[in-house]
file start-v7.cif (mmCIF, C-alpha atoms)
data_model
#
loop_
_atom_site.group_PDB
_atom_site.id
_atom_site.type_symbol
_atom_site.label_atom_id
_atom_site.label_comp_id
_atom_site.auth_asym_id
_atom_site.auth_seq_id
_atom_site.Cartn_x
_atom_site.Cartn_y
_atom_site.Cartn_z
ATOM 1 C CA MET K 292 -94.252 -66.167 9.073
ATOM 2 C CA THR K 293 -94.575 -68.126 12.175
ATOM 3 C CA PRO K 294 -96.807 -66.255 14.558
ATOM 4 C CA GLN K 295 -94.925 -64.926 17.492
ATOM 5 C CA GLU K 296 -95.848 -66.817 20.631
ATOM 6 C CA THR K 297 -97.576 -64.793 23.251
ATOM 7 C CA PRO K 298 -95.474 -64.853 26.399
ATOM 8 C CA GLN K 299 -97.169 -66.543 29.270
ATOM 9 C CA THR K 300 -97.663 -64.390 32.326
ATOM 10 C CA PRO K 301 -96.759 -66.406 35.406
ATOM 11 C CA PRO K 302 -99.650 -66.806 37.799
ATOM 12 C CA ARG K 303 -99.648 -64.292 40.590
ATOM 13 C CA THR K 304 -98.978 -65.616 44.050
ATOM 14 C CA PRO K 305 -101.666 -64.379 46.383
ATOM 15 C CA PRO K 306 -100.418 -62.418 49.391
ATOM 16 C CA GLN K 307 -99.563 -64.765 52.213
ATOM 17 C CA PRO K 308 -101.056 -64.012 55.611
ATOM 18 C CA THR K 309 -98.616 -63.129 58.342
ATOM 19 C CA PRO K 310 -98.311 -66.139 60.642
ATOM 20 C CA HIS K 311 -99.963 -65.644 64.003
ATOM 21 C CA LEU K 312 -97.248 -64.796 66.459
ATOM 22 C CA THR K 313 -97.769 -66.468 69.802
ATOM 23 C CA PRO K 314 -96.386 -64.936 73.022
ATOM 24 C CA ALA K 315 -93.623 -67.560 73.196
ATOM 25 C CA ALA K 316 -92.411 -66.578 69.718
ATOM 26 C CA ALA K 317 -91.181 -63.235 71.060
ATOM 27 C CA ALA K 318 -88.208 -64.960 72.680
ATOM 28 C CA GLY K 319 -86.954 -66.369 69.371
ATOM 29 C CA THR K 320 -85.933 -69.927 68.548
ATOM 30 C CA TRP K 321 -82.959 -72.262 68.828
ATOM 31 C CA MET K 322 -82.166 -75.587 67.184
ATOM 32 C CA LEU K 323 -81.817 -78.632 69.444
ATOM 33 C CA GLY K 324 -80.026 -80.691 66.846
ATOM 34 C CA ASP K 325 -82.509 -80.594 63.970
ATOM 35 C CA LEU K 326 -85.458 -79.652 66.201
ATOM 36 C CA PRO K 327 -86.456 -75.952 66.334
ATOM 37 C CA VAL K 328 -87.694 -74.866 69.768
ATOM 38 C CA ARG K 329 -88.859 -71.548 71.113
ATOM 39 C CA ARG K 330 -86.511 -70.230 73.740
ATOM 40 C CA ILE K 331 -89.278 -70.032 76.335
ATOM 41 C CA GLY K 332 -90.241 -73.568 77.282
ATOM 42 C CA PHE K 333 -91.984 -75.275 80.167
ATOM 43 C CA GLY K 334 -90.481 -77.322 82.977
ATOM 44 C CA ALA K 335 -92.782 -80.046 84.312
ATOM 45 C CA MET K 336 -91.170 -80.659 87.710
ATOM 46 C CA ARG K 337 -93.716 -78.567 89.619
ATOM 47 C CA LEU K 338 -96.715 -79.949 87.741
ATOM 48 C CA PRO K 339 -97.560 -83.176 89.680
ATOM 49 C CA GLN K 340 -97.923 -81.517 93.094
ATOM 50 C CA THR K 341 -98.508 -78.317 94.982
ATOM 51 C CA GLY K 342 -95.699 -77.131 97.236
ATOM 52 C CA GLY K 343 -92.280 -78.728 97.185
ATOM 53 C CA ALA K 344 -91.401 -81.172 94.413
ATOM 54 C CA LEU K 345 -89.617 -84.529 94.519
ATOM 55 C CA VAL K 346 -90.609 -85.381 98.090
ATOM 56 C CA PRO K 347 -92.402 -88.601 99.123
ATOM 57 C CA HIS K 348 -95.484 -87.026 100.703
ATOM 58 C CA ALA K 349 -96.166 -84.201 98.241
ATOM 59 C CA VAL K 350 -99.756 -83.034 97.851
ATOM 60 C CA PRO K 351 -101.007 -84.070 94.386
ATOM 61 C CA ARG K 352 -102.113 -81.226 92.150
ATOM 62 C CA ASP K 353 -105.646 -81.187 90.794
ATOM 63 C CA ARG K 354 -105.488 -83.229 87.590
ATOM 64 C CA ASP K 355 -107.729 -80.926 85.556
ATOM 65 C CA GLN K 356 -105.657 -77.908 86.550
ATOM 66 C CA ALA K 357 -102.420 -79.621 85.493
ATOM 67 C CA VAL K 358 -103.910 -80.674 82.165
ATOM 68 C CA ALA K 359 -105.238 -77.155 81.574
ATOM 69 C CA VAL K 360 -101.821 -75.603 82.276
ATOM 70 C CA LEU K 361 -100.124 -77.889 79.746
ATOM 71 C CA ARG K 362 -102.695 -77.148 77.071
ATOM 72 C CA ARG K 363 -102.471 -73.446 77.765
ATOM 73 C CA ALA K 364 -98.673 -73.577 77.428
ATOM 74 C CA LEU K 365 -99.050 -74.820 73.866
ATOM 75 C CA GLU K 366 -101.696 -72.196 73.120
ATOM 76 C CA LEU K 367 -99.149 -69.571 74.201
ATOM 77 C CA GLY K 368 -96.682 -71.007 71.691
ATOM 78 C CA VAL K 369 -94.489 -73.157 73.929
ATOM 79 C CA ASN K 370 -93.125 -76.132 71.982
ATOM 80 C CA HIS K 371 -90.392 -77.358 74.351
ATOM 81 C CA ILE K 372 -91.325 -79.283 77.494
ATOM 82 C CA ASP K 373 -88.766 -80.585 79.964
ATOM 83 C CA THR K 374 -89.784 -83.602 82.041
ATOM 84 C CA ALA K 375 -88.570 -86.831 83.671
ATOM 85 C CA ALA K 376 -90.038 -90.122 84.832
ATOM 86 C CA PHE K 377 -88.953 -89.259 88.389
ATOM 87 C CA TYR K 378 -91.177 -86.156 88.382
ATOM 88 C CA PHE K 379 -94.124 -87.584 90.272
ATOM 89 C CA SER K 380 -96.172 -87.240 93.437
ATOM 90 C CA PRO K 381 -98.734 -89.620 94.942
ATOM 91 C CA LEU K 382 -101.410 -90.057 92.213
ATOM 92 C CA ARG K 383 -99.697 -87.788 89.660
ATOM 93 C CA SER K 384 -96.883 -88.296 87.138
ATOM 94 C CA ALA K 385 -95.594 -85.438 84.980
ATOM 95 C CA ASN K 386 -95.119 -87.729 81.994
ATOM 96 C CA GLU K 387 -98.588 -89.202 82.232
ATOM 97 C CA LEU K 388 -100.128 -85.724 82.628
ATOM 98 C CA ILE K 389 -98.274 -84.623 79.488
ATOM 99 C CA ASN K 390 -99.564 -87.703 77.651
ATOM 100 C CA ARG K 391 -103.146 -87.128 78.764
ATOM 101 C CA ALA K 392 -103.120 -83.394 78.012
ATOM 102 C CA LEU K 393 -101.249 -83.274 74.722
ATOM 103 C CA ALA K 394 -101.429 -86.605 72.888
ATOM 104 C CA PRO K 395 -101.646 -86.971 69.975
ATOM 105 C CA TYR K 396 -98.666 -84.666 70.081
ATOM 106 C CA PRO K 397 -98.270 -81.712 67.692
ATOM 107 C CA ASP K 398 -95.559 -82.266 65.096
ATOM 108 C CA ASP K 399 -93.490 -79.347 66.388
ATOM 109 C CA LEU K 400 -93.582 -80.294 70.071
ATOM 110 C CA VAL K 401 -90.187 -81.266 71.503
ATOM 111 C CA ILE K 402 -90.186 -83.232 74.753
ATOM 112 C CA THR K 403 -86.899 -83.429 76.621
ATOM 113 C CA THR K 404 -86.462 -85.891 79.461
ATOM 114 C CA LYS K 405 -83.747 -86.910 81.906
ATOM 115 C CA VAL K 406 -82.340 -90.236 83.016
ATOM 116 C CA GLY K 407 -79.846 -91.205 85.676
ATOM 117 C CA PRO K 408 -81.736 -90.488 88.909
ATOM 118 C CA GLY K 409 -84.573 -92.762 89.973
ATOM 119 C CA ARG K 410 -87.204 -92.988 92.718
ATOM 120 C CA ASP K 411 -88.968 -96.065 94.005
ATOM 121 C CA LEU K 412 -92.749 -96.388 94.084
ATOM 122 C CA SER K 413 -92.902 -94.658 97.468
ATOM 123 C CA GLY K 414 -91.011 -91.671 96.096
ATOM 124 C CA ARG K 415 -87.696 -92.329 97.834
ATOM 125 C CA TRP K 416 -84.520 -91.739 95.858
ATOM 126 C CA GLN K 417 -82.559 -94.717 94.575
ATOM 127 C CA PRO K 418 -78.913 -94.884 93.517
ATOM 128 C CA HIS K 419 -78.314 -93.379 90.091
ATOM 129 C CA ALA K 420 -78.729 -95.790 87.210
ATOM 130 C CA THR K 421 -75.830 -97.787 85.888
ATOM 131 C CA ALA K 422 -75.154 -98.041 82.163
ATOM 132 C CA ARG K 423 -77.205 -101.249 82.027
ATOM 133 C CA GLN K 424 -80.146 -99.681 83.840
ATOM 134 C CA LEU K 425 -80.389 -96.629 81.584
ATOM 135 C CA ARG K 426 -82.246 -98.507 78.861
ATOM 136 C CA GLY K 427 -84.975 -99.358 81.376
ATOM 137 C CA GLN K 428 -85.273 -95.683 82.321
ATOM 138 C CA VAL K 429 -85.530 -94.673 78.669
ATOM 139 C CA GLU K 430 -88.223 -97.295 78.117
ATOM 140 C CA GLU K 431 -90.105 -96.080 81.203
ATOM 141 C CA ASN K 432 -90.237 -92.577 79.726
ATOM 142 C CA LEU K 433 -91.403 -93.988 76.400
ATOM 143 C CA ARG K 434 -94.235 -95.925 78.056
ATOM 144 C CA GLN K 435 -95.427 -93.016 80.167
ATOM 145 C CA LEU K 436 -95.297 -90.523 77.320
ATOM 146 C CA GLY K 437 -96.812 -92.949 74.832
ATOM 147 C CA ARG K 438 -94.062 -92.480 72.256
ATOM 148 C CA ASP K 439 -91.867 -94.763 70.197
ATOM 149 C CA HIS K 440 -88.828 -92.501 70.508
ATOM 150 C CA LEU K 441 -87.679 -89.623 72.732
ATOM 151 C CA ASP K 442 -86.713 -86.282 71.201
ATOM 152 C CA VAL K 443 -83.920 -85.417 73.648
ATOM 153 C CA VAL K 444 -82.579 -87.414 76.594
ATOM 154 C CA ASN K 445 -80.269 -85.756 79.114
ATOM 155 C CA LEU K 446 -77.931 -87.847 81.212
ATOM 156 C CA ARG K 447 -77.946 -86.357 84.701
ATOM 157 C CA ILE K 448 -75.006 -87.205 86.886
ATOM 158 C CA VAL K 449 -73.706 -86.462 90.359
ATOM 159 C CA GLY K 450 -70.015 -85.996 91.076
ATOM 160 C CA ASP K 451 -66.929 -85.815 88.900
ATOM 161 C CA ASP K 452 -66.615 -89.458 87.877
ATOM 162 C CA SER K 453 -66.321 -90.432 84.231
ATOM 163 C CA LEU K 454 -69.619 -90.564 82.347
ATOM 164 C CA ALA K 455 -68.209 -92.423 79.338
ATOM 165 C CA GLU K 456 -69.825 -95.796 80.031
ATOM 166 C CA ARG K 457 -73.251 -94.334 80.812
ATOM 167 C CA PHE K 458 -73.231 -91.835 77.952
ATOM 168 C CA GLY K 459 -72.013 -94.570 75.643
ATOM 169 C CA ALA K 460 -75.055 -96.655 76.604
ATOM 170 C CA LEU K 461 -77.337 -93.764 75.636
ATOM 171 C CA ALA K 462 -75.415 -93.310 72.391
ATOM 172 C CA GLU K 463 -76.248 -96.935 71.562
ATOM 173 C CA LEU K 464 -79.945 -96.244 72.180
ATOM 174 C CA ARG K 465 -79.632 -93.241 69.881
ATOM 175 C CA GLU K 466 -78.179 -95.468 67.172
ATOM 176 C CA ALA K 467 -81.046 -97.908 67.737
ATOM 177 C CA GLY K 468 -83.608 -95.138 67.141
ATOM 178 C CA LEU K 469 -85.056 -94.932 70.653
ATOM 179 C CA VAL K 470 -83.510 -91.499 71.196
ATOM 180 C CA ARG K 471 -83.094 -88.698 68.672
ATOM 181 C CA HIS K 472 -80.673 -86.382 70.463
ATOM 182 C CA LEU K 473 -78.573 -86.463 73.634
ATOM 183 C CA GLY K 474 -77.788 -83.900 76.292
ATOM 184 C CA LEU K 475 -76.175 -83.635 79.724
ATOM 185 C CA SER K 476 -77.289 -82.355 83.114
ATOM 186 C CA ASN K 477 -75.351 -81.253 86.201
ATOM 187 C CA VAL K 478 -71.992 -81.582 84.473
ATOM 188 C CA THR K 479 -68.598 -79.927 84.168
ATOM 189 C CA PRO K 480 -66.737 -78.804 81.029
ATOM 190 C CA ALA K 481 -64.632 -81.957 81.337
ATOM 191 C CA HIS K 482 -67.789 -84.089 81.254
ATOM 192 C CA LEU K 483 -68.958 -82.276 78.139
ATOM 193 C CA ALA K 484 -65.660 -82.885 76.366
ATOM 194 C CA GLU K 485 -65.773 -86.554 77.358
ATOM 195 C CA ALA K 486 -69.325 -86.954 76.070
ATOM 196 C CA ARG K 487 -68.698 -85.140 72.770
ATOM 197 C CA ALA K 488 -65.938 -87.612 71.986
ATOM 198 C CA ILE K 489 -68.630 -90.323 72.062
ATOM 199 C CA ALA K 490 -71.695 -88.716 70.432
ATOM 200 C CA PRO K 491 -73.088 -85.252 69.614
ATOM 201 C CA VAL K 492 -74.433 -83.229 72.548
ATOM 202 C CA VAL K 493 -77.247 -80.754 71.812
ATOM 203 C CA CYS K 494 -77.780 -79.244 75.276
ATOM 204 C CA VAL K 495 -76.403 -78.842 78.783
ATOM 205 C CA GLN K 496 -78.734 -78.457 81.785
ATOM 206 C CA ASN K 497 -77.062 -77.004 84.855
ATOM 207 C CA MET K 498 -78.201 -74.919 87.802
ATOM 208 C CA TYR K 499 -77.787 -71.300 86.740
ATOM 209 C CA GLY K 500 -79.495 -67.916 86.786
ATOM 210 C CA LEU K 501 -79.260 -64.328 87.906
ATOM 211 C CA ALA K 502 -77.094 -64.432 91.063
ATOM 212 C CA VAL K 503 -77.297 -68.243 90.844
ATOM 213 C CA ARG K 504 -73.979 -70.021 90.205
ATOM 214 C CA PRO K 505 -72.014 -67.177 88.550
ATOM 215 C CA ASP K 506 -69.111 -69.629 88.455
ATOM 216 C CA GLN K 507 -70.949 -71.160 85.479
ATOM 217 C CA ASP K 508 -70.548 -68.028 83.324
ATOM 218 C CA ALA K 509 -67.529 -69.281 81.398
ATOM 219 C CA PHE K 510 -69.172 -72.662 80.788
ATOM 220 C CA VAL K 511 -72.316 -70.938 79.533
ATOM 221 C CA ASP K 512 -70.249 -68.944 77.041
ATOM 222 C CA ALA K 513 -68.263 -72.016 75.978
ATOM 223 C CA CYS K 514 -71.482 -73.881 75.167
ATOM 224 C CA GLY K 515 -72.541 -70.984 72.970
ATOM 225 C CA ARG K 516 -69.300 -71.117 70.999
ATOM 226 C CA LEU K 517 -69.895 -74.840 70.437
ATOM 227 C CA GLY K 518 -73.483 -74.303 69.292
ATOM 228 C CA ILE K 519 -74.818 -76.212 72.310
ATOM 229 C CA ALA K 520 -77.946 -75.011 74.092
ATOM 230 C CA PHE K 521 -77.559 -74.117 77.754
ATOM 231 C CA VAL K 522 -80.781 -74.837 79.655
ATOM 232 C CA PRO K 523 -80.647 -73.518 83.237
ATOM 233 C CA PHE K 524 -82.669 -75.126 85.983
ATOM 234 C CA TYR K 525 -83.678 -73.283 89.182
ATOM 235 C CA ALA K 526 -83.132 -70.007 87.328
ATOM 236 C CA ILE K 527 -86.023 -68.536 89.334
ATOM 237 C CA ALA K 528 -86.005 -70.710 92.454
ATOM 238 C CA GLY K 529 -82.269 -70.361 93.055
ATOM 239 C CA THR K 530 -81.335 -71.794 96.437
ATOM 240 C CA GLY K 531 -85.023 -72.628 96.986
ATOM 241 C CA ARG K 532 -84.467 -75.431 94.469
ATOM 242 C CA GLU K 533 -87.309 -78.006 94.551
ATOM 243 C CA GLY K 534 -89.191 -75.890 97.068
ATOM 244 C CA GLY K 535 -89.522 -72.948 94.696
ATOM 245 C CA ALA K 536 -88.546 -69.295 95.002
ATOM 246 C CA GLN K 537 -88.224 -68.066 98.571
ATOM 247 C CA GLY K 538 -88.565 -64.319 97.927
ATOM 248 C CA GLY K 539 -86.055 -61.819 99.233
ATOM 249 C CA ASP K 540 -84.889 -60.582 95.811
ATOM 250 C CA ASP K 541 -82.131 -57.991 95.745
ATOM 251 C CA PRO K 542 -83.499 -54.394 95.781
ATOM 252 C CA ARG K 543 -81.766 -53.763 92.445
ATOM 253 C CA ILE K 544 -83.768 -56.578 90.833
ATOM 254 C CA TRP K 545 -86.938 -55.036 92.259
ATOM 255 C CA ALA K 546 -85.948 -51.653 90.827
ATOM 256 C CA VAL K 547 -85.571 -53.086 87.315
ATOM 257 C CA ALA K 548 -88.842 -54.965 87.707
ATOM 258 C CA ARG K 549 -90.735 -51.832 88.764
ATOM 259 C CA ALA K 550 -89.275 -49.850 85.872
ATOM 260 C CA HIS K 551 -90.744 -52.357 83.422
ATOM 261 C CA GLY K 552 -93.941 -53.077 85.335
ATOM 262 C CA VAL K 553 -93.092 -56.752 85.756
ATOM 263 C CA SER K 554 -92.197 -59.172 88.557
ATOM 264 C CA PRO K 555 -88.665 -60.071 89.732
ATOM 265 C CA ALA K 556 -89.268 -63.603 88.385
ATOM 266 C CA GLN K 557 -89.877 -62.170 84.926
ATOM 267 C CA VAL K 558 -86.685 -60.130 85.196
ATOM 268 C CA ARG K 559 -84.792 -63.311 86.066
ATOM 269 C CA ILE K 560 -86.176 -65.102 83.018
ATOM 270 C CA ALA K 561 -85.407 -62.168 80.735
ATOM 271 C CA TRP K 562 -81.857 -61.881 82.102
ATOM 272 C CA THR K 563 -81.341 -65.579 81.392
ATOM 273 C CA LEU K 564 -82.419 -65.149 77.775
ATOM 274 C CA HIS K 565 -80.193 -62.067 77.389
ATOM 275 C CA ARG K 566 -77.123 -64.155 78.301
ATOM 276 C CA GLY K 567 -77.007 -65.524 74.766
ATOM 277 C CA PRO K 568 -79.156 -66.877 71.923
ATOM 278 C CA HIS K 569 -78.364 -70.441 73.011
ATOM 279 C CA LEU K 570 -79.971 -69.978 76.456
ATOM 280 C CA LEU K 571 -83.323 -71.776 76.768
ATOM 281 C CA ALA K 572 -85.611 -70.970 79.699
ATOM 282 C CA ILE K 573 -87.797 -73.736 81.144
ATOM 283 C CA PRO K 574 -89.672 -72.127 84.066
ATOM 284 C CA GLY K 575 -92.261 -74.433 85.574
ATOM 285 C CA THR K 576 -95.544 -73.842 87.355
ATOM 286 C CA GLY K 577 -98.946 -75.337 87.964
ATOM 287 C CA ASP K 578 -100.604 -71.920 88.087
ATOM 288 C CA PRO K 579 -102.141 -70.582 84.835
ATOM 289 C CA ALA K 580 -101.433 -66.950 85.770
ATOM 290 C CA HIS K 581 -97.783 -67.671 86.532
ATOM 291 C CA LEU K 582 -97.520 -69.565 83.245
ATOM 292 C CA ALA K 583 -98.706 -66.542 81.289
ATOM 293 C CA ASP K 584 -96.272 -64.275 83.157
ATOM 294 C CA ASN K 585 -93.370 -66.652 82.532
ATOM 295 C CA VAL K 586 -94.036 -66.822 78.809
ATOM 296 C CA ALA K 587 -94.536 -63.055 78.596
ATOM 297 C CA ALA K 588 -91.043 -62.568 80.042
ATOM 298 C CA GLY K 589 -89.663 -63.693 76.688
ATOM 299 C CA ALA K 590 -90.762 -60.360 75.225
ATOM 300 C CA LEU K 591 -89.112 -58.278 77.971
ATOM 301 C CA ARG K 592 -86.208 -56.278 76.541
ATOM 302 C CA LEU K 593 -83.704 -55.177 79.121
ATOM 303 C CA SER K 594 -81.684 -52.038 78.439
ATOM 304 C CA ASP K 595 -77.910 -51.838 78.628
ATOM 305 C CA ASP K 596 -78.288 -50.028 81.949
ATOM 306 C CA ASP K 597 -80.608 -52.764 83.230
ATOM 307 C CA LEU K 598 -78.134 -55.439 82.252
ATOM 308 C CA ALA K 599 -75.227 -53.565 83.831
ATOM 309 C CA THR K 600 -77.165 -53.292 87.102
ATOM 310 C CA LEU K 601 -78.198 -56.950 87.049
ATOM 311 C CA ASP K 602 -74.684 -58.110 86.194
ATOM 312 C CA LEU K 603 -73.471 -56.397 89.349
ATOM 313 C CA VAL K 604 -76.047 -58.364 91.309
ATOM 314 C CA HIS K 605 -74.973 -61.541 89.545
ATOM 315 C CA ARG K 606 -71.254 -61.102 90.152
ATOM 316 C CA ALA K 607 -71.765 -60.219 93.812
ATOM 317 C CA ARG K 608 -72.654 -63.837 94.581
#
call {"tool": "encode", "arguments": {"input": "start-v7.cif", "output": "structure tokens"}}
result
Amino acid sequence: MTPQETPQTPPRTPPQPTPHLTPAAAAGTWMLGDLPVRRIGFGAMRLPQTGGALVPHAVPRDRDQAVAVLRRALELGVNHIDTAAFYFSPLRSANELINRALAPYPDDLVITTKVGPGRDLSGRWQPHATARQLRGQVEENLRQLGRDHLDVVNLRIVGDDSLAERFGALAELREAGLVRHLGLSNVTPAHLAEARAIAPVVCVQNMYGLAVRPDQDAFVDACGRLGIAFVPFYAIAGTGREGGAQGGDDPRIWAVARAHGVSPAQVRIAWTLHRGPHLLAIPGTGDPAHLADNVAAGALRLSDDDLATLDLVHRAR
């Protein structure tokens, strides 16, 4: 008789440790194309200066502080940074600070930048780039960031004119491998439809937030149905825009904040994230304490009553 073979016991897989959950992970993730990002990111506009941003005579921020804030953002689990070559002050450039602080870049870090606007060396605004000039702006971002391709490039526009020629130029750079994914900024639903007929769009960046541009609500929802990320800017600053939040929050926002033991800014971030899984928050700061608070807002869970109260505030504008 042939001896019966002894069955082989498969090797046991040792228990796998639970991955360390960073604070930013509490907000969940979203896919920008094929790039997974945590829904709490970091906006770099405020990084190069103290006080108001995008003005010619801004006061440069301490370089070491800016570098420390960027490194701390990654330690907190942030893996989505929003920047632009026109984010600079005398002596400081957001892109170059990002390069200095974070290069060589982690494999999971996604850097999103914008093209269209431009500033001269003195910081004064120039006319928005034409289709031919967009390649130069893309290359400027590549040089400053020290990369051979950009993860996401948003075309920012002003007005209602057609974006087909300019977006088409970026689509060609995407085909050439200089850009991985494309997005839009400061656009209308008609712009989005026009762009999607040319190339895939992974995100829309428009001004939006709690009691900030409620007329955008339908567009926000439409982006969600299309699987497109909606990335609000000035969600905290509101009408303060480049100058930052001006205070004076509605008493109902303060009431929700006190109930949770948080700040009104954190309530604004949490409300943004509650608007849908495709909403990505990119609050910016040069202050380490504010950074930690912003990221922590991703874990804030608002109740149905909270949301009903805040929606009343939102719709009142």
call {"tool": "closest_residue", "arguments": {"input": "start-v7.cif", "among": "K:Gln417, K:Thr600, K:Ser476, K:Asn432", "to": "Asn497 in chain K", "atoms": "all atoms listed in the file"}}
result
K:Ser476
call {"tool": "closest_residue", "arguments": {"input": "start-v7.cif", "among": "K:Glu387, K:Ala486, K:Val449, K:Ala317", "to": "Arg434 in chain K", "atoms": "only C-alpha atoms"}}
result
K:Glu387
call {"tool": "closest_residue", "arguments": {"input": "start-v7.cif", "among": "K:Ala318, K:Phe510, K:Leu312, K:Asp578", "to": "Leu591 in chain K", "atoms": "all atoms listed in the file"}}
result
K:Ala318
call {"tool": "residues_near_point", "arguments": {"input": "start-v7.cif", "point": "(-83.9, -83.6, 75.4)", "cutoff": "6 Å", "atoms": "all atoms listed in the file", "output": "compact mmCIF listing (two decimals) with C-alpha atoms, in the coordinates of the input"}}
result
# COMPACT_ATOMS: atom_id res chain seq x y z
CA THR K 403 -86.90 -83.43 76.62
CA THR K 404 -86.46 -85.89 79.46
CA ASP K 442 -86.71 -86.28 71.20
CA VAL K 443 -83.92 -85.42 73.65
CA VAL K 444 -82.58 -87.41 76.59
CA ASN K 445 -80.27 -85.76 79.11
call {"tool": "resolve_selection", "arguments": {"input": "start-v7.cif", "expression": "the PyMOL selection byres ((chain K and resi 478) around 9)", "output": "ChimeraX atom specification"}}
result
/K:447-451,475-477,479-483,495-497
call {"tool": "closest_residue", "arguments": {"input": "start-v7.cif", "among": "K:Leu598, K:Arg487, K:Arg608, K:Leu582", "to": "Val503 in chain K", "atoms": "only C-alpha atoms"}}
result
K:Arg608
call {"tool": "closest_residue", "arguments": {"input": "start-v7.cif", "among": "K:Ala550, K:Ile573, K:Ala460, K:Val493", "to": "Ala526 in chain K", "atoms": "all atoms listed in the file"}}
result
K:Ile573
call {"tool": "closest_residue", "arguments": {"input": "start-v7.cif", "among": "K:Arg423, K:Arg471, K:His551, K:Lys405", "to": "Glu456 in chain K", "atoms": "only C-alpha atoms"}}
result
K:Arg423
call {"tool": "residues_around", "arguments": {"input": "start-v7.cif", "residues": "Leu441 in chain K", "least_positions_apart": "2", "cutoff": "10 Å", "atoms": "only C-alpha atoms", "output": "ChimeraX atom specification"}}
result
/K:401-404,429-430,432-433,436-439,443-444,465,468-473
call {"tool": "resolve_selection", "arguments": {"input": "start-v7.cif", "expression": "the PyMOL selection byres ((chain K and resi 370) around 7)", "output": "number ranges by chain"}}
result
K: 328-329, 332, 365, 368-369, 371-372, 399-401
call {"tool": "resolve_selection", "arguments": {"input": "start-v7.cif", "expression": "the PyMOL selection byres ((chain K and resi 501) around 7)", "output": "PyMOL selection string"}}
result
chain K and resi 500+502-503+526+559+562-563+605
call {"tool": "atom_distance", "arguments": {"input": "start-v7.cif", "atom1": "CA of Gly334 in chain K", "atom2": "CA of Thr374 in chain K"}}
result
6.4 Å
call {"tool": "residues_around", "arguments": {"input": "start-v7.cif", "residues": "range 341-351 of chain K", "least_positions_apart": "5", "cutoff": "8 Å", "atoms": "all atoms listed in the file", "output": "ChimeraX atom specification"}}
result
/K:336,377-383,413-415,533-535,577
call {"tool": "atom_distance", "arguments": {"input": "start-v7.cif", "atom1": "CA of Ala572 in chain K", "atom2": "CA of Ile331 in chain K"}}
result
5.1 Å
